[in-house]
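See below for the structure under consideration.
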Amino acid sequence: MKIFLKNHYLHIIFLISILVPLSMSVVSIYTKTMPFWFDPARDFLLALGNQNKLTLIGQPTGIPGLFYGPYWIWLLSLALYISKDPRIVQFLVLALPYFTIFPFILYKLRNVFSLKISITLWVLFIFAFLRYTIFPWNPHLAPLLVLMVFYFLITTDPSGKKLIIGTLVAGILTGLIGNFHISFDIGLVLGILLFFLVTLFSKINRRAVKIFLARNLSFMLGFVITFVPFLVFESRHGFLQIKTALNTLSSQYAVVGLKGLTHEQIIKDFFQVSAQLFEVSWVIGFLISVIGIILISYLIIRRREVFRKEISRLFILSFTTLVSLIFVYLTSKNPVWDYHFIGVEIILILIVGLVMKEFNRVGNLIILWVFAASIFIAGSYFVKPKPSILSYDTLGKKEYIVDLVNNDASKSKYTVFVYNPGIYSYDYSYLFNWMVGKDVPYDPGQIKQGDRLVYLVIQKTDKSIFQDYINYHTPNYLYKTTKVWGIADGTKIIRRELKSQ
């Protein structure tokens, strides 16, 4: 009876720990404070196009000539059939999976840790990375898939009957990560293969070799399955992307003409993830990570008998994956960026779970810290006054501008130009199409000029650029300014009309 009441109490806490951040995410999405910038807007437009003609590739990667797989575009397309409102799409493709599948996997892992630890790991993750449920971007789905990969690999007994199925599913999920977040997946695949190798050498015999071969074959089969659309596309286009990928890997020089993070910054960013989880400084995050790895390593080497098999597998997999990721990023000739570390937080929270499992006093301190921090974060979110959605770059601000322009023009024909340092304005192109049914090409070079009424949307920039942009699209000898609106974030909307002839 006592155990039942204890578990019942923990289940209530788990439910609350899901509902509170869920409400924070829903409020942010509903009030349009979610961002809607270049990348997601481009993907939304690709998803609309996919509804008319099925695509076998996705959006471009950072490597010229190489594209992501189509799954993110397919996922957006399915959501867009339900609603073209970016808020609904965001909730369906990211928020809903994170608040259902993610805690469910951690709940299943209670048999590896404990329910109390699983709850703590969920709270630790969701309050630190709530943005994954609010910001529409394909890499933000990767952490959820990484957790699922780890679950299937550590809970599948290498000597059990479900070995092939569990490893096959892990391979499929790993392949999907490669279609959402290529850079991270390279290190993840290498880490998993090293994990198989380490488990082989821990006990070498004929049966272990058979298991090793079976795991590798089933994993790689699952991995390749996810790239079938990519391979079909390649077979129709001369395998150009595969050639690009091979040239990139074999090249002695970077194929991207940009400079990314230095080696020191790469190492720092790994530990910065730990700092974000615990809401502490980088130095403290570094100490937490190092101490945690040392403690678990000590138990693996000196007191192996305290580990159940799942825990041993979890640590080995976490360690080989972290080492592989660091190796891949430090040896990469092409630039490494901050977003490449999306997914590392899953490995770190699982290591935290191991520490909590084997060191009760440390675990209790972590529980106190995590829940105190989460109460503070949640309290601040609901109590602290929120800035206007027009004061920074939000979906709400851009919808406001679309409505302002369309209402001001009334039923008159008009042209819209949007200044963007990246040239293309996918965001306004999508919003004008969805909200008012107007075709505003994202490429300004495709916009036909000549309408009597022209609106220029110019984000805050240098005065010289501001004036040049106005005069370029609406020359002063032809047009005159009849009204200017200012937005709190510095954006200006200028109405220009043809001068009387």
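Identifiers in the structure tokens: chain A, B, ... in order shown; residue index from 1 per chain; ligand index from 1 in order shown.
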> If you count only C-alpha atoms, which residues fall within 8 Å of range 50-55 of chain A, apart from same-chain ones fewer than 3 positions away, as a list in words?
Replying inline: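 What passes the distance filter is Leu46, Ala47, Gly58, Pro70, Ile73, Trp74 and Ser77 of chain A.
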Write a file of the selected residues as a short mmCIF file (atom, residue, chain, number, x, y, z; two decimals), in the first residue's frame, keeping C-alpha atoms.
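Result saved to again_39.cif:
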data_model
loop_
_atom_site.label_atom_id
_atom_site.label_comp_id
_atom_site.auth_asym_id
_atom_site.auth_seq_id
_atom_site.Cartn_x
_atom_site.Cartn_y
_atom_site.Cartn_z
CA LEU A 46 8.46 23.72 -49.88
CA ALA A 47 5.84 21.76 -47.95
CA GLY A 58 14.23 18.38 -48.61
CA PRO A 70 12.32 14.86 -47.50
CA ILE A 73 8.96 18.60 -45.65
CA TRP A 74 6.60 15.61 -45.67
CA SER A 77 2.92 18.94 -45.55
#
> Near Phe230 in chain A, within 8 Å and counting only C-alpha atoms, which residues show up once chain neighbours fewer than 4 positions away are dropped, as a list in words?
Replying inline: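 Counting only C-alpha atoms, the residues come to Leu56, Ile57, Gly69, Pro70 and Glu234 of chain A.
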>> If we count only C-alpha atoms and set the cut-off at 9 Å, which residues sit around range 362-368 of chain A, ignoring sequence neighbours fewer than 6 positions away in its own chain? Please answer as number ranges by chain.
In response: A: 116-117, 120, 352-353, 355-356
>> I'd like the contact shell of Lys162 in chain A - 12 Å cut-off, only C-alpha atoms, skipping same-chain residues fewer than 4 positions apart - returned as a PyMOL selection string.
In response: chain A and resi 152-153+155-158+166-169+211+214-215+218
Can those selected residues be exported to a file as a PDB file, in the first residue's frame so that it contains C-alpha atoms?
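The resulting file, out.pdb, is shown below:
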ATOM      1  CA  PHE A 152      16.096   0.918 -28.221  1.00  0.00           C
ATOM      2  CA  LEU A 153      19.839   0.282 -28.042  1.00  0.00           C
ATOM      3  CA  THR A 155      16.901  -1.853 -23.604  1.00  0.00           C
ATOM      4  CA  THR A 156      17.494  -4.450 -26.326  1.00  0.00           C
ATOM      5  CA  ASP A 157      19.288  -7.416 -24.759  1.00  0.00           C
ATOM      6  CA  PRO A 158      22.084  -8.480 -27.166  1.00  0.00           C
ATOM      7  CA  GLY A 166      15.300  -3.409 -31.647  1.00  0.00           C
ATOM      8  CA  THR A 167      18.527  -2.693 -33.514  1.00  0.00           C
ATOM      9  CA  LEU A 168      16.661  -2.329 -36.815  1.00  0.00           C
ATOM     10  CA  VAL A 169      14.360   0.286 -35.263  1.00  0.00           C
ATOM     11  CA  ILE A 211      25.729 -10.980 -32.236  1.00  0.00           C
ATOM     12  CA  ALA A 214      23.831  -9.309 -36.581  1.00  0.00           C
ATOM     13  CA  ARG A 215      23.620  -5.940 -34.793  1.00  0.00           C
ATOM     14  CA  SER A 218      20.347  -4.896 -38.800  1.00  0.00           C
TER      15      SER A 218
END
Kindly assemble as a Markdown table a list of the range 330-439 of chain A residues that lie within 8 Å of range 268-273 of chain A, each paired with its nearest atom pair and their distance in Å to one decimal, using only C-alpha atoms, sorted first by chain and then by ascending residue number.
| residue | atom | partner | partner_atom | distance |
| --- | --- | --- | --- | --- |
| A:Asp338 | CA | A:Asp269 | CA | 7.2 |
| A:Phe341 | CA | A:Phe270 | CA | 7.0 |
| A:Val344 | CA | A:Val273 | CA | 7.2 |
| A:Glu345 | CA | A:Val273 | CA | 6.0 |
Could you write out the selected residues, including N, CA and C atoms, as a PDB file, in the first residue's frame?
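Once written, selection-v7.pdb looks like this:
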ATOM      1  N   ASP A 338      27.017  26.470 -33.751  1.00  0.00           N
ATOM      2  CA  ASP A 338      26.378  26.182 -32.464  1.00  0.00           C
ATOM      3  C   ASP A 338      25.269  25.137 -32.593  1.00  0.00           C
ATOM      4  N   PHE A 341      25.345  21.193 -32.052  1.00  0.00           N
ATOM      5  CA  PHE A 341      25.341  20.546 -30.747  1.00  0.00           C
ATOM      6  C   PHE A 341      23.938  20.175 -30.280  1.00  0.00           C
ATOM      7  N   VAL A 344      23.198  16.815 -28.175  1.00  0.00           N
ATOM      8  CA  VAL A 344      24.160  16.477 -27.119  1.00  0.00           C
ATOM      9  C   VAL A 344      23.480  16.458 -25.755  1.00  0.00           C
ATOM     10  N   GLU A 345      22.465  17.314 -25.566  1.00  0.00           N
ATOM     11  CA  GLU A 345      21.795  17.408 -24.267  1.00  0.00           C
ATOM     12  C   GLU A 345      21.154  16.078 -23.852  1.00  0.00           C
TER      13      GLU A 345
END
Closest pair table for range 293-401 of chain A residues within 9 Å of range 15-34 of chain A, only C-alpha atoms, as a Markdown table:
| residue | atom | partner | partner_atom | distance |
| --- | --- | --- | --- | --- |
| A:Ala378 | CA | A:Pro21 | CA | 7.5 |
| A:Tyr381 | CA | A:Met24 | CA | 7.5 |
| A:Phe382 | CA | A:Met24 | CA | 8.0 |
| A:Ser388 | CA | A:Thr33 | CA | 8.8 |
| A:Ile389 | CA | A:Thr33 | CA | 5.9 |
| A:Tyr392 | CA | A:Thr33 | CA | 8.9 |
| A:Asp393 | CA | A:Thr33 | CA | 8.4 |
| A:Thr394 | CA | A:Thr33 | CA | 5.2 |
| A:Leu395 | CA | A:Lys32 | CA | 5.3 |
| A:Gly396 | CA | A:Lys32 | CA | 4.7 |
| A:Lys397 | CA | A:Lys32 | CA | 8.2 |
| A:Glu399 | CA | A:Lys32 | CA | 8.9 |
Those same residues, written as a tab-separated table (two decimals), in the first residue's frame with C-alpha atoms?
chain	number	residue	atom	x	y	z
A	378	ALA	CA	7.87	28.70	-14.50
A	381	TYR	CA	7.32	33.04	-17.09
A	382	PHE	CA	3.78	33.47	-15.83
A	388	SER	CA	5.04	43.29	-26.98
A	389	ILE	CA	5.16	40.89	-29.93
A	392	TYR	CA	11.17	41.75	-31.49
A	393	ASP	CA	11.14	39.37	-34.44
A	394	THR	CA	8.04	37.22	-33.92
A	395	LEU	CA	5.35	35.58	-36.01
A	396	GLY	CA	2.89	38.06	-34.49
A	397	LYS	CA	4.88	41.05	-35.69
A	399	GLU	CA	1.29	38.92	-39.27
> Which polymer residues have any atom within 12 Å of an atom of Thr133 in chain A, counting only C-alpha atoms, with same-chain residues fewer than 5 positions away left out, as a ChimeraX atom specification?
Replying inline: /A:21-29,34-35,87-100,102,125-128,138-144
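Comparing A:Val402, A:Asp427, A:Leu115, A:Asn420 by their smallest distance to Tyr455 in chain A, the closest is A:Val402 (using only C-alpha atoms).
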> How far is it from CA of Leu10 in chain A to CA of Leu295 in chain A, in Å with one decimal?
Replying inline: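 So the two atoms, CA of Leu10 in chain A and CA of Leu295 in chain A, lie 27.3 Å apart.
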> Using only C-alpha atoms, which residue out of A:Asn334, A:Tyr419, A:Leu390, A:Pro40 lies closest to Ile134 in chain A?
Replying inline: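 Among A:Asn334, A:Tyr419, A:Leu390, A:Pro40, it is A:Pro40 that comes nearest to Ile134 in chain A.
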>> Using only C-alpha atoms, which protein or nucleic acid residues come within 7 Å of Thr321 in chain A? Drop anything in the same chain fewer than 5 positions from it, and give the result as a list in words.
In response: Gly187, Leu188, Gly191 and Ile192 of chain A
> Could you pull out the helix (DSSP H, G or I) residues of range 103-333 of chain A from DSSP and send them as a ChimeraX atom specification?
Replying inline: /A:103-111,115-128,130-133,138-155,163-180,182-201,206-225,228-236,240-250,263-278,282-302,304-306,309-331
> With only C-alpha atoms as the basis for distance, which of A:Arg207, A:Lys357, A:Lys460, A:Lys438 is at the shortest distance from Lys411 in chain A?
Replying inline: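 Result for the nearest residue to Lys411 in chain A: A:Lys438.
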